[in-house]
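> Sharing upload.pdb below, PDB, C-alpha atoms:
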ATOM      1  CA  GLU A   1      47.418   6.259-112.858
ATOM      2  CA  PRO A   2      50.954   5.913-114.201
ATOM      3  CA  GLU A   3      51.267   6.169-117.949
ATOM      4  CA  VAL A   4      53.713   5.915-120.793
ATOM      5  CA  THR A   5      54.406   9.292-122.366
ATOM      6  CA  GLN A   6      55.717   9.914-125.851
ATOM      7  CA  THR A   7      57.136  12.935-127.613
ATOM      8  CA  PRO A   8      56.652  14.457-130.070
ATOM      9  CA  SER A   9      53.001  13.749-130.729
ATOM     10  CA  HIS A  10      53.536  14.551-134.395
ATOM     11  CA  GLN A  11      56.695  15.061-136.405
ATOM     12  CA  VAL A  12      57.014  15.984-140.050
ATOM     13  CA  THR A  13      60.361  15.353-141.676
ATOM     14  CA  GLN A  14      61.976  15.221-145.063
ATOM     15  CA  MET A  15      63.013  11.933-146.583
ATOM     16  CA  GLY A  16      66.582  11.076-145.633
ATOM     17  CA  GLN A  17      66.513  12.992-142.355
ATOM     18  CA  GLU A  18      67.171  11.434-138.974
ATOM     19  CA  VAL A  19      64.329  11.243-136.488
ATOM     20  CA  ILE A  20      64.382  10.462-132.788
ATOM     21  CA  LEU A  21      61.164   9.508-131.054
ATOM     22  CA  ARG A  22      61.165   9.665-127.300
ATOM     23  CA  CYS A  23      59.322   7.678-124.692
ATOM     24  CA  VAL A  24      59.165   7.762-120.927
ATOM     25  CA  PRO A  25      58.015   4.326-119.767
ATOM     26  CA  ILE A  26      56.281   3.717-116.464
ATOM     27  CA  SER A  27      58.925   4.120-113.796
ATOM     28  CA  ASN A  28      59.136   0.624-112.316
ATOM     29  CA  HIS A  29      58.817  -1.201-115.612
ATOM     30  CA  LEU A  30      61.668  -3.271-116.949
ATOM     31  CA  TYR A  31      60.577  -4.269-120.450
ATOM     32  CA  PHE A  32      60.247  -1.755-123.245
ATOM     33  CA  TYR A  33      58.849  -2.003-126.726
ATOM     34  CA  TRP A  34      58.314  -0.072-129.928
ATOM     35  CA  TYR A  35      55.455  -0.822-132.278
ATOM     36  CA  ARG A  36      54.275   0.994-135.335
ATOM     37  CA  GLN A  37      50.961   1.289-137.126
ATOM     38  CA  ILE A  38      50.739   2.501-140.683
ATOM     39  CA  LEU A  39      47.476   4.327-141.288
ATOM     40  CA  GLY A  40      44.626   1.866-141.654
ATOM     41  CA  GLN A  41      46.791  -1.160-140.974
ATOM     42  CA  LYS A  42      47.489  -3.353-137.989
ATOM     43  CA  VAL A  43      49.853  -2.740-135.111
ATOM     44  CA  GLU A  44      53.294  -4.176-135.924
ATOM     45  CA  PHE A  45      56.022  -5.168-133.506
ATOM     46  CA  LEU A  46      59.386  -3.490-134.046
ATOM     47  CA  VAL A  47      61.620  -4.244-131.101
ATOM     48  CA  SER A  48      61.731  -5.227-127.449
ATOM     49  CA  PHE A  49      64.361  -4.105-124.982
ATOM     50  CA  TYR A  50      65.382  -5.430-121.590
ATOM     51  CA  ASN A  51      68.392  -4.983-119.375
ATOM     52  CA  ASN A  52      69.900  -2.407-121.727
ATOM     53  CA  GLU A  53      69.864  -4.581-124.782
ATOM     54  CA  ILE A  54      67.538  -5.634-127.546
ATOM     55  CA  SER A  55      65.654  -8.820-126.671
ATOM     56  CA  GLU A  56      63.971  -9.361-129.989
ATOM     57  CA  LYS A  57      63.360  -7.449-133.176
ATOM     58  CA  SER A  58      61.221  -7.880-136.241
ATOM     59  CA  GLU A  59      62.267  -7.852-139.879
ATOM     60  CA  ILE A  60      61.024  -4.263-140.056
ATOM     61  CA  PHE A  61      63.693  -3.192-137.561
ATOM     62  CA  ASP A  62      66.592  -3.007-139.983
ATOM     63  CA  ASP A  63      69.885  -1.133-139.770
ATOM     64  CA  GLN A  64      68.109   2.195-140.161
ATOM     65  CA  PHE A  65      66.525   1.743-136.744
ATOM     66  CA  SER A  66      68.133   1.824-133.336
ATOM     67  CA  VAL A  67      66.927   2.042-129.751
ATOM     68  CA  GLU A  68      68.566   3.409-126.698
ATOM     69  CA  ARG A  69      67.892   3.975-123.051
ATOM     70  CA  PRO A  70      70.250   6.903-122.503
ATOM     71  CA  ASP A  71      69.303   7.462-118.872
ATOM     72  CA  GLY A  72      67.077   5.948-116.249
ATOM     73  CA  SER A  73      63.862   7.286-117.674
ATOM     74  CA  ASN A  74      63.925   7.723-121.453
ATOM     75  CA  PHE A  75      63.650   5.102-124.156
ATOM     76  CA  THR A  76      64.279   6.338-127.672
ATOM     77  CA  LEU A  77      63.760   5.085-131.189
ATOM     78  CA  LYS A  78      66.035   6.533-133.852
ATOM     79  CA  ILE A  79      65.449   6.261-137.557
ATOM     80  CA  ARG A  80      68.704   7.140-139.230
ATOM     81  CA  SER A  81      67.549   8.066-142.721
ATOM     82  CA  THR A  82      63.800   8.191-143.043
ATOM     83  CA  LYS A  83      61.935   6.836-146.024
ATOM     84  CA  LEU A  84      58.447   7.621-147.218
ATOM     85  CA  GLU A  85      57.273   4.223-146.011
ATOM     86  CA  ASP A  86      58.359   5.041-142.466
ATOM     87  CA  SER A  87      55.335   7.306-142.170
ATOM     88  CA  ALA A  88      53.276   5.762-139.396
ATOM     89  CA  MET A  89      52.171   6.068-135.800
ATOM     90  CA  TYR A  90      54.897   4.787-133.514
ATOM     91  CA  PHE A  91      53.847   3.411-130.147
ATOM     92  CA  CYS A  92      56.079   2.865-127.184
ATOM     93  CA  ALA A  93      55.016   0.322-124.576
ATOM     94  CA  SER A  94      56.363  -0.942-121.296
ATOM     95  CA  SER A  95      55.701  -3.791-118.940
ATOM     96  CA  ASP A  96      56.842  -4.875-115.505
ATOM     97  CA  SER A  97      57.007  -8.514-116.524
ATOM     98  CA  LEU A  98      56.857 -10.950-119.406
ATOM     99  CA  GLY A  99      53.744 -12.540-118.011
ATOM    100  CA  ASP A 100      53.383 -15.913-116.412
ATOM    101  CA  ARG A 101      50.720 -17.877-114.605
ATOM    102  CA  SER A 102      50.708 -15.416-111.725
ATOM    103  CA  ASN A 103      50.276 -12.143-113.624
ATOM    104  CA  THR A 104      49.047 -10.817-116.921
ATOM    105  CA  GLY A 105      52.238  -9.277-118.227
ATOM    106  CA  GLU A 106      50.118  -6.416-119.471
ATOM    107  CA  LEU A 107      51.665  -3.993-121.934
ATOM    108  CA  PHE A 108      51.009  -0.317-121.292
ATOM    109  CA  PHE A 109      51.071   1.723-124.471
ATOM    110  CA  GLY A 110      51.709   5.411-124.938
ATOM    111  CA  GLU A 111      49.545   7.698-127.039
ATOM    112  CA  GLY A 112      51.904   7.401-129.974
ATOM    113  CA  SER A 113      54.063   9.656-132.106
ATOM    114  CA  ARG A 114      52.824  10.282-135.604
ATOM    115  CA  LEU A 115      55.680  10.475-138.089
ATOM    116  CA  THR A 116      55.082  11.953-141.508
ATOM    117  CA  VAL A 117      57.890  11.655-144.031
ATOM    118  CA  LEU A 118      57.666  13.932-147.063
TER     119      LEU A 118
ATOM    120  CA  LEU B   1      52.596 -17.536-131.793
ATOM    121  CA  ALA B   2      49.209 -19.021-132.580
ATOM    122  CA  LYS B   3      47.353 -17.392-135.453
ATOM    123  CA  THR B   4      44.049 -15.788-134.592
ATOM    124  CA  THR B   5      40.979 -15.143-136.703
ATOM    125  CA  GLN B   6      38.283 -12.680-135.749
ATOM    126  CA  PRO B   7      35.512 -10.874-137.618
ATOM    127  CA  ILE B   8      36.606  -7.737-139.402
ATOM    128  CA  SER B   9      33.757  -5.624-138.070
ATOM    129  CA  MET B  10      30.591  -5.664-135.985
ATOM    130  CA  ASP B  11      27.836  -3.140-135.477
ATOM    131  CA  SER B  12      25.837  -2.790-132.302
ATOM    132  CA  TYR B  13      23.551  -0.362-130.500
ATOM    133  CA  GLU B  14      23.910   1.352-127.179
ATOM    134  CA  GLY B  15      22.893  -0.818-124.269
ATOM    135  CA  GLN B  16      23.350  -4.082-126.125
ATOM    136  CA  GLU B  17      25.809  -6.830-125.298
ATOM    137  CA  VAL B  18      28.565  -7.330-127.835
ATOM    138  CA  ASN B  19      30.240 -10.701-128.239
ATOM    139  CA  ILE B  20      33.362 -11.055-130.355
ATOM    140  CA  THR B  21      34.622 -14.540-131.048
ATOM    141  CA  CYS B  22      38.231 -15.262-131.885
ATOM    142  CA  SER B  23      39.445 -18.540-133.357
ATOM    143  CA  HIS B  24      42.880 -19.857-132.404
ATOM    144  CA  ASN B  25      42.893 -23.471-133.503
ATOM    145  CA  ASN B  26      46.612 -24.047-132.951
ATOM    146  CA  ILE B  27      46.820 -22.560-129.478
ATOM    147  CA  ALA B  28      49.648 -24.108-127.459
ATOM    148  CA  THR B  29      49.420 -25.496-123.948
ATOM    149  CA  ASN B  30      51.257 -22.563-122.392
ATOM    150  CA  ASP B  31      49.442 -19.863-124.368
ATOM    151  CA  TYR B  32      47.235 -17.264-122.745
ATOM    152  CA  ILE B  33      44.461 -15.388-124.542
ATOM    153  CA  THR B  34      44.544 -11.621-124.230
ATOM    154  CA  TRP B  35      42.322  -8.888-125.605
ATOM    155  CA  TYR B  36      43.309  -5.299-126.276
ATOM    156  CA  GLN B  37      41.178  -2.317-127.257
ATOM    157  CA  GLN B  38      42.327   0.511-129.504
ATOM    158  CA  PHE B  39      40.601   3.817-130.032
ATOM    159  CA  PRO B  40      41.461   5.880-133.132
ATOM    160  CA  SER B  41      44.859   7.558-132.888
ATOM    161  CA  GLN B  42      45.583   5.960-129.516
ATOM    162  CA  GLY B  43      47.722   3.077-128.336
ATOM    163  CA  PRO B  44      46.156  -0.303-127.592
ATOM    164  CA  ARG B  45      44.855  -0.808-124.094
ATOM    165  CA  PHE B  46      44.701  -4.115-122.214
ATOM    166  CA  ILE B  47      41.182  -5.332-121.522
ATOM    167  CA  ILE B  48      41.308  -8.866-120.192
ATOM    168  CA  GLN B  49      43.317 -12.059-120.187
ATOM    169  CA  GLY B  50      42.455 -15.680-119.547
ATOM    170  CA  TYR B  51      43.694 -19.237-119.846
ATOM    171  CA  LYS B  52      40.533 -21.329-119.584
ATOM    172  CA  THR B  53      36.868 -21.152-118.532
ATOM    173  CA  LYS B  54      35.587 -17.691-117.720
ATOM    174  CA  VAL B  55      37.257 -14.517-116.577
ATOM    175  CA  THR B  56      35.390 -11.354-115.632
ATOM    176  CA  ASN B  57      36.577  -7.902-114.710
ATOM    177  CA  GLU B  58      34.959  -4.501-114.465
ATOM    178  CA  VAL B  59      35.117  -4.000-118.223
ATOM    179  CA  ALA B  60      34.418  -7.332-119.895
ATOM    180  CA  SER B  61      34.081 -11.082-119.643
ATOM    181  CA  LEU B  62      36.127 -13.653-121.478
ATOM    182  CA  PHE B  63      34.695 -17.080-122.212
ATOM    183  CA  ILE B  64      37.064 -19.881-123.151
ATOM    184  CA  PRO B  65      35.699 -23.362-123.953
ATOM    185  CA  ALA B  66      37.421 -26.490-122.738
ATOM    186  CA  ASP B  67      39.310 -27.088-125.994
ATOM    187  CA  ARG B  68      40.606 -23.471-125.947
ATOM    188  CA  LYS B  69      40.453 -23.294-129.732
ATOM    189  CA  SER B  70      38.343 -20.168-129.547
ATOM    190  CA  SER B  71      37.425 -17.468-127.098
ATOM    191  CA  THR B  72      34.657 -14.895-126.847
ATOM    192  CA  LEU B  73      35.035 -11.386-125.507
ATOM    193  CA  SER B  74      31.766 -10.120-124.087
ATOM    194  CA  LEU B  75      31.165  -6.402-123.589
ATOM    195  CA  PRO B  76      28.019  -5.842-121.525
ATOM    196  CA  ARG B  77      25.720  -2.921-122.298
ATOM    197  CA  VAL B  78      27.992  -1.067-124.688
ATOM    198  CA  SER B  79      27.987   2.678-125.030
ATOM    199  CA  LEU B  80      29.081   4.919-127.887
ATOM    200  CA  SER B  81      32.500   5.213-126.254
ATOM    201  CA  ASP B  82      33.078   1.487-126.731
ATOM    202  CA  THR B  83      33.460   2.073-130.469
ATOM    203  CA  ALA B  84      36.978   0.814-131.104
ATOM    204  CA  VAL B  85      39.055  -1.968-132.601
ATOM    205  CA  TYR B  86      39.361  -5.068-130.436
ATOM    206  CA  TYR B  87      42.342  -7.371-130.814
ATOM    207  CA  CYS B  88      42.625 -10.988-129.748
ATOM    208  CA  LEU B  89      46.175 -12.159-129.059
ATOM    209  CA  VAL B  90      47.466 -15.563-128.118
ATOM    210  CA  GLY B  91      50.865 -16.258-126.641
ATOM    211  CA  ASP B  92      52.757 -17.614-123.675
ATOM    212  CA  GLY B  93      52.896 -14.451-121.638
ATOM    213  CA  ALA B  94      50.902 -11.543-123.000
ATOM    214  CA  ALA B  95      53.733  -9.082-122.603
ATOM    215  CA  GLY B  96      56.234 -11.476-124.024
ATOM    216  CA  ASN B  97      58.540 -10.427-126.754
ATOM    217  CA  LYS B  98      57.015  -9.834-130.150
ATOM    218  CA  LEU B  99      53.392  -9.464-129.129
ATOM    219  CA  THR B 100      51.639  -9.950-132.467
ATOM    220  CA  PHE B 101      48.478  -8.084-133.338
ATOM    221  CA  GLY B 102      46.132  -9.364-135.999
ATOM    222  CA  GLY B 103      43.642  -7.285-137.924
ATOM    223  CA  GLY B 104      41.268  -6.905-135.003
ATOM    224  CA  THR B 105      37.502  -6.434-134.979
ATOM    225  CA  ARG B 106      36.183  -2.940-135.579
ATOM    226  CA  VAL B 107      33.144  -2.472-133.334
ATOM    227  CA  LEU B 108      30.809   0.390-134.137
ATOM    228  CA  VAL B 109      28.262   1.254-131.468
ATOM    229  CA  LYS B 110      25.330   3.226-132.801
ATOM    230  CA  PRO B 111      22.913   5.361-130.812
TER     231      PRO B 111
END
Let's see the structure in the file written out as structure tokens.

Amino acid sequence: EPEVTQTPSHQVTQMGQEVILRCVPISNHLYFYWYRQILGQKVEFLVSFYNNEISEKSEIFDDQFSVERPDGSNFTLKIRSTKLEDSAMYFCASSDSLGDRSNTGELFFGEGSRLTVL
Amino acid sequence: LAKTTQPISMDSYEGQEVNITCSHNNIATNDYITWYQQFPSQGPRFIIQGYKTKVTNEVASLFIPADRKSSTLSLPRVSLSDTAVYYCLVGDGAAGNKLTFGGGTRVLVKP
């Protein structure tokens, strides 16, 4: 079964450092997402990406964050200068559609990248 | 997106049926109801989606009354591996932009 893969599974970084989290979405999917989940809290939307541009972003996704699809397979999330509060599990997801009355528009999530900022 | 309310937690025993009800009083005409499951330290996983009446797949059933202001996820004969957090989401296109997760229901299946 095709799956979304994420690397690294865990990254420890110092406050102020740049971090890049990588994702390989399912190959025929067109819509890509990043979510994060702080330990013990709910899953929060960060950003959606379609046709090589951001479709929508949340208030969490400020100027410190950026996303890129540098080639045909990878989808990356960059945090320019990490803060302690950026410590969380970051999930990448992809979908082949937005969902309508003929299909579910199911999101497929990766296993996540745990970011620890010290 | 419509706000959802679901119980914070539920306990059950192996072999029992688990029913989780979600309230979504301000659901819009075009909104679908979707449920995701999340195991610890894993990404959410799609379980089932419906618009009205009843939907059943190999994993669960989803019951939606005529007014669509609530929905009930039914997990038949749960096992220990069904221990997870279950999220109810409402929106017009489950994979639409800004899929919003609530607090979810933490289901603990005991032996």
> How many Å lie between CA of Arg68 (chain B) and CA of Lys57 (chain A), rounded to one decimal?
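CA of Lys57 (chain A) lies 28.8 Å from CA of Arg68 (chain B).
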> Provide the CA of Gly102 (chain B) to CA of Lys54 (chain B) distance in Å, to one decimal place.
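For CA of Gly102 (chain B) relative to CA of Lys54 (chain B), the distance reads 22.7 Å.
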> For the PyMOL selection byres ((chain B and resi 17-32) around 9), applied here, can you spell out every residue it catches as a PyMOL selection string?
(chain A and resi 100-101+104) or (chain B and resi 1-7+10-16+33-34+49-52+68-78+86-94+105+107)
> Choose the residue, out of B:Ile8, B:Val85, B:Leu99, B:Ile64, that has the smallest atom-to-atom separation from chain A; count all atoms listed in the file.
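Closest candidate: B:Leu99.
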> I want to know what sits within 10 Å of region 6-22 of chain A, based on only C-alpha atoms, with residues of the same chain fewer than 3 positions away left out; could you give that as an MDAnalysis selection string?
chainID A and resid 3 25 64:69 74:87 89:93 109:118
> Quick one: of A:Ile38, A:Val4, A:Ile60, A:Val43, who's nearest to chain B, counting all atoms listed in the file?
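Using all atoms listed in the file, the shortest distance to chain B belongs to A:Val43.
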> Please measure the separation of CA of Ala88 (chain A) and CA of Ile54 (chain A), giving the value in Å to one decimal.
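Between these atoms lies a distance of 21.8 Å.
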> Name the closest residue to chain B among the candidates A:Glu53, A:Glu106, A:Asp62, A:Glu1; distances are taken between atoms, counting all atoms listed in the file.
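Ranking A:Glu53, A:Glu106, A:Asp62, A:Glu1 by distance to chain B, first place goes to A:Glu106.
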> Any chance you could work out the axis-aligned box around region 14-28 of chain A, listed atoms only, 4 Å on each side, giving centre and edge lengths in Å to one decimal, as AutoDock Vina command-line options?

--center_x 61.7 --center_y 7.9 --center_z -129.4 --size_x 18.9 --size_y 22.6 --size_z 42.3
> Between B:Gln38, B:Pro65, B:Pro111, B:Leu80, which one has atoms that come closest to chain A, using only C-alpha atoms?
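Smallest distance to chain A is found for B:Gln38.
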> On this structure, the PyMOL selection byres ((chain B and resi 83) around 6) would catch which residues? List them as a VMD selection string, sorted by chain and number.
chain B and resid 80 to 82 84 107 to 109
> Using all atoms listed in the file, find the one residue out of A:Asp63, A:Asn52, A:Val47, A:Gly72 that sits nearest to chain B.
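Counting all atoms listed in the file, the residue closest to chain B is A:Val47.
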> Find, counting all atoms listed in the file, the residue in B:Thr100, B:Ser79, B:Ser9, B:Leu62 that gets nearest to chain A.
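Closest residue, counting all atoms listed in the file: B:Thr100.
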